[in-house]
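Notes follow once the structure below has been shown.
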Amino acid sequence: MTPAPATDLSIAIAIAGAALATYSLRLGGLLLAERLPKNGGFKRFMETLPGTILLALVAPGIFSAGMLGGGAALATALCAWKTRNLLLAMIVGMAIVATGRLLFDYS
């Protein structure tokens, strides 16, 4: 038995449901933020959270890319630190990875 093809209505309902879920979570976060403590240890925790989330997302990619990824990450961090220009730093990191993959045939 073959499954029935999705209808336009079922696709629209799925998209609307996903949009409703996404914006409900965002609204809940905004409403909850007003009730969170604005000082003390919790404030320090919340201020450092974006950096730790970024590190958790970026670190696996750096390690899986090996020496090339580590070198590119180091160059990106140094460029961002010295120039304070994040766009330039990202371009430097991407250029190093692209050049390394081209020259050393990383697949």
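By convention in this document, the chains of the structure tokens carry letters A, B, ... by their order, each chain's residues are numbered from 1, and ligands are numbered from 1 in the order they are shown.
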
Can you list, as a list in words, every protein, DNA or RNA residue that comes within 10 Å of Met90 (chain A) when you count only C-alpha atoms, leaving out same-chain residues fewer than 2 positions away? Ala72, Ala73, Ala75, Thr76, Ala77, Cys79, Ala80, Asn85, Leu86, Leu87, Leu88, Val92, Gly93, Met94, Ala95 and Ile96 of chain A

Export N, CA and C atoms of the chosen residues as a short mmCIF file (atom, residue, chain, number, x, y, z; two decimals), in the first residue's frame?
```cif
data_model
loop_
_atom_site.label_atom_id
_atom_site.label_comp_id
_atom_site.auth_asym_id
_atom_site.auth_seq_id
_atom_site.Cartn_x
_atom_site.Cartn_y
_atom_site.Cartn_z
N ALA A 72 42.47 27.89 11.15
CA ALA A 72 41.53 28.91 10.69
C ALA A 72 40.83 29.56 11.88
N ALA A 73 40.47 28.77 12.89
CA ALA A 73 39.81 29.33 14.07
C ALA A 73 40.75 30.27 14.82
N ALA A 75 43.33 31.93 13.52
CA ALA A 75 43.51 33.14 12.71
C ALA A 75 42.28 34.04 12.78
N THR A 76 41.10 33.43 12.80
CA THR A 76 39.86 34.21 12.91
C THR A 76 39.80 34.94 14.24
N ALA A 77 40.14 34.24 15.31
CA ALA A 77 40.12 34.87 16.64
C ALA A 77 41.14 36.00 16.73
N CYS A 79 42.37 37.79 14.25
CA CYS A 79 41.92 38.89 13.39
C CYS A 79 40.81 39.69 14.07
N ALA A 80 39.87 38.99 14.69
CA ALA A 80 38.77 39.67 15.38
C ALA A 80 39.30 40.48 16.56
N ASN A 85 36.87 43.76 13.83
CA ASN A 85 35.98 43.69 12.68
C ASN A 85 35.60 42.22 12.48
N LEU A 86 34.38 41.85 12.91
CA LEU A 86 33.98 40.45 12.85
C LEU A 86 33.76 39.96 11.42
N LEU A 87 33.28 40.83 10.54
CA LEU A 87 33.09 40.43 9.15
C LEU A 87 34.43 40.08 8.51
N LEU A 88 35.42 40.92 8.72
CA LEU A 88 36.75 40.64 8.19
C LEU A 88 37.31 39.35 8.78
N VAL A 92 38.45 36.03 6.71
CA VAL A 92 39.80 35.46 6.85
C VAL A 92 39.70 33.97 7.17
N GLY A 93 38.86 33.59 8.12
CA GLY A 93 38.70 32.19 8.48
C GLY A 93 38.20 31.35 7.32
N MET A 94 37.20 31.85 6.61
CA MET A 94 36.66 31.10 5.46
C MET A 94 37.69 30.98 4.35
N ALA A 95 38.46 32.04 4.13
CA ALA A 95 39.48 32.00 3.09
C ALA A 95 40.56 30.97 3.42
N ILE A 96 40.94 30.89 4.67
CA ILE A 96 41.95 29.90 5.07
C ILE A 96 41.43 28.49 4.85
#
```

Considering only helix (DSSP H, G or I) as DSSP defines it on the backbone, what residues of chain A qualify? List them as an MDAnalysis selection string. chainID A and resid 8:33 41:64 66:83 86:104

Please produce a file of the residues just selected, as a CSV table (one decimal), in the first residue's frame, where the atoms kept are C-alpha atoms.
```csv
chain,number,residue,atom,x,y,z
A,8,ASP,CA,-2.1,21.5,-0.3
A,9,LEU,CA,-4.2,22.0,2.8
A,10,SER,CA,-2.1,19.6,4.8
A,11,ILE,CA,1.0,21.4,3.8
A,12,ALA,CA,-0.5,24.7,4.7
A,13,ILE,CA,-1.6,23.4,8.1
A,14,ALA,CA,1.9,22.0,8.8
A,15,ILE,CA,3.5,25.3,7.9
A,16,ALA,CA,1.0,27.3,10.0
A,17,GLY,CA,1.6,24.9,13.0
A,18,ALA,CA,5.3,25.3,12.8
A,19,ALA,CA,5.0,29.0,12.6
A,20,LEU,CA,2.7,29.1,15.6
A,21,ALA,CA,5.0,26.9,17.6
A,22,THR,CA,8.0,29.1,16.8
A,23,TYR,CA,6.4,32.4,17.6
A,24,SER,CA,4.8,31.0,20.7
A,25,LEU,CA,8.3,30.0,22.0
A,26,ARG,CA,9.6,33.5,21.2
A,27,LEU,CA,6.7,35.2,22.9
A,28,GLY,CA,7.1,33.0,25.9
A,29,GLY,CA,10.8,33.9,26.1
A,30,LEU,CA,10.0,37.6,26.0
A,31,LEU,CA,7.3,37.4,28.7
A,32,LEU,CA,9.6,35.3,30.9
A,33,ALA,CA,12.5,37.7,30.5
A,41,GLY,CA,24.7,35.6,39.9
A,42,PHE,CA,21.9,34.9,37.5
A,43,LYS,CA,22.6,38.1,35.6
A,44,ARG,CA,26.3,37.1,35.2
A,45,PHE,CA,25.2,33.7,34.1
A,46,MET,CA,22.8,35.1,31.4
A,47,GLU,CA,25.5,37.5,30.2
A,48,THR,CA,28.0,34.7,29.6
A,49,LEU,CA,25.4,32.3,28.0
A,50,PRO,CA,25.6,33.6,24.4
A,51,GLY,CA,29.4,32.9,24.3
A,52,THR,CA,29.0,29.4,25.7
A,53,ILE,CA,26.3,28.6,23.2
A,54,LEU,CA,28.4,29.9,20.3
A,55,LEU,CA,31.4,27.9,21.6
A,56,ALA,CA,29.2,24.7,21.8
A,57,LEU,CA,28.1,25.2,18.2
A,58,VAL,CA,31.5,26.1,16.8
A,59,ALA,CA,33.8,23.8,18.6
A,60,PRO,CA,32.7,20.5,17.0
A,61,GLY,CA,33.2,22.0,13.6
A,62,ILE,CA,36.7,23.1,14.5
A,63,PHE,CA,37.7,19.8,15.9
A,64,SER,CA,36.2,17.8,13.0
A,66,GLY,CA,41.5,19.0,12.2
A,67,MET,CA,44.6,21.1,11.9
A,68,LEU,CA,43.1,23.2,9.1
A,69,GLY,CA,40.1,24.1,11.2
A,70,GLY,CA,42.2,24.8,14.3
A,71,GLY,CA,44.5,27.1,12.3
A,72,ALA,CA,41.5,28.9,10.7
A,73,ALA,CA,39.8,29.3,14.1
A,74,LEU,CA,43.0,30.7,15.6
A,75,ALA,CA,43.5,33.1,12.7
A,76,THR,CA,39.9,34.2,12.9
A,77,ALA,CA,40.1,34.9,16.6
A,78,LEU,CA,43.3,36.8,16.2
A,79,CYS,CA,41.9,38.9,13.4
A,80,ALA,CA,38.8,39.7,15.4
A,81,TRP,CA,40.8,40.6,18.4
A,82,LYS,CA,43.3,42.9,16.5
A,83,THR,CA,40.9,44.6,14.1
A,86,LEU,CA,34.0,40.4,12.8
A,87,LEU,CA,33.1,40.4,9.2
A,88,LEU,CA,36.8,40.6,8.2
A,89,ALA,CA,37.6,37.9,10.7
A,90,MET,CA,35.0,35.6,9.3
A,91,ILE,CA,36.2,36.2,5.8
A,92,VAL,CA,39.8,35.5,6.9
A,93,GLY,CA,38.7,32.2,8.5
A,94,MET,CA,36.7,31.1,5.5
A,95,ALA,CA,39.5,32.0,3.1
A,96,ILE,CA,41.9,29.9,5.1
A,97,VAL,CA,39.6,26.9,5.1
A,98,ALA,CA,38.8,27.3,1.4
A,99,THR,CA,42.4,27.6,0.4
A,100,GLY,CA,43.5,24.7,2.6
A,101,ARG,CA,40.8,22.5,1.1
A,102,LEU,CA,41.8,23.5,-2.4
A,103,LEU,CA,45.5,23.0,-1.9
A,104,PHE,CA,45.4,19.9,0.3
```
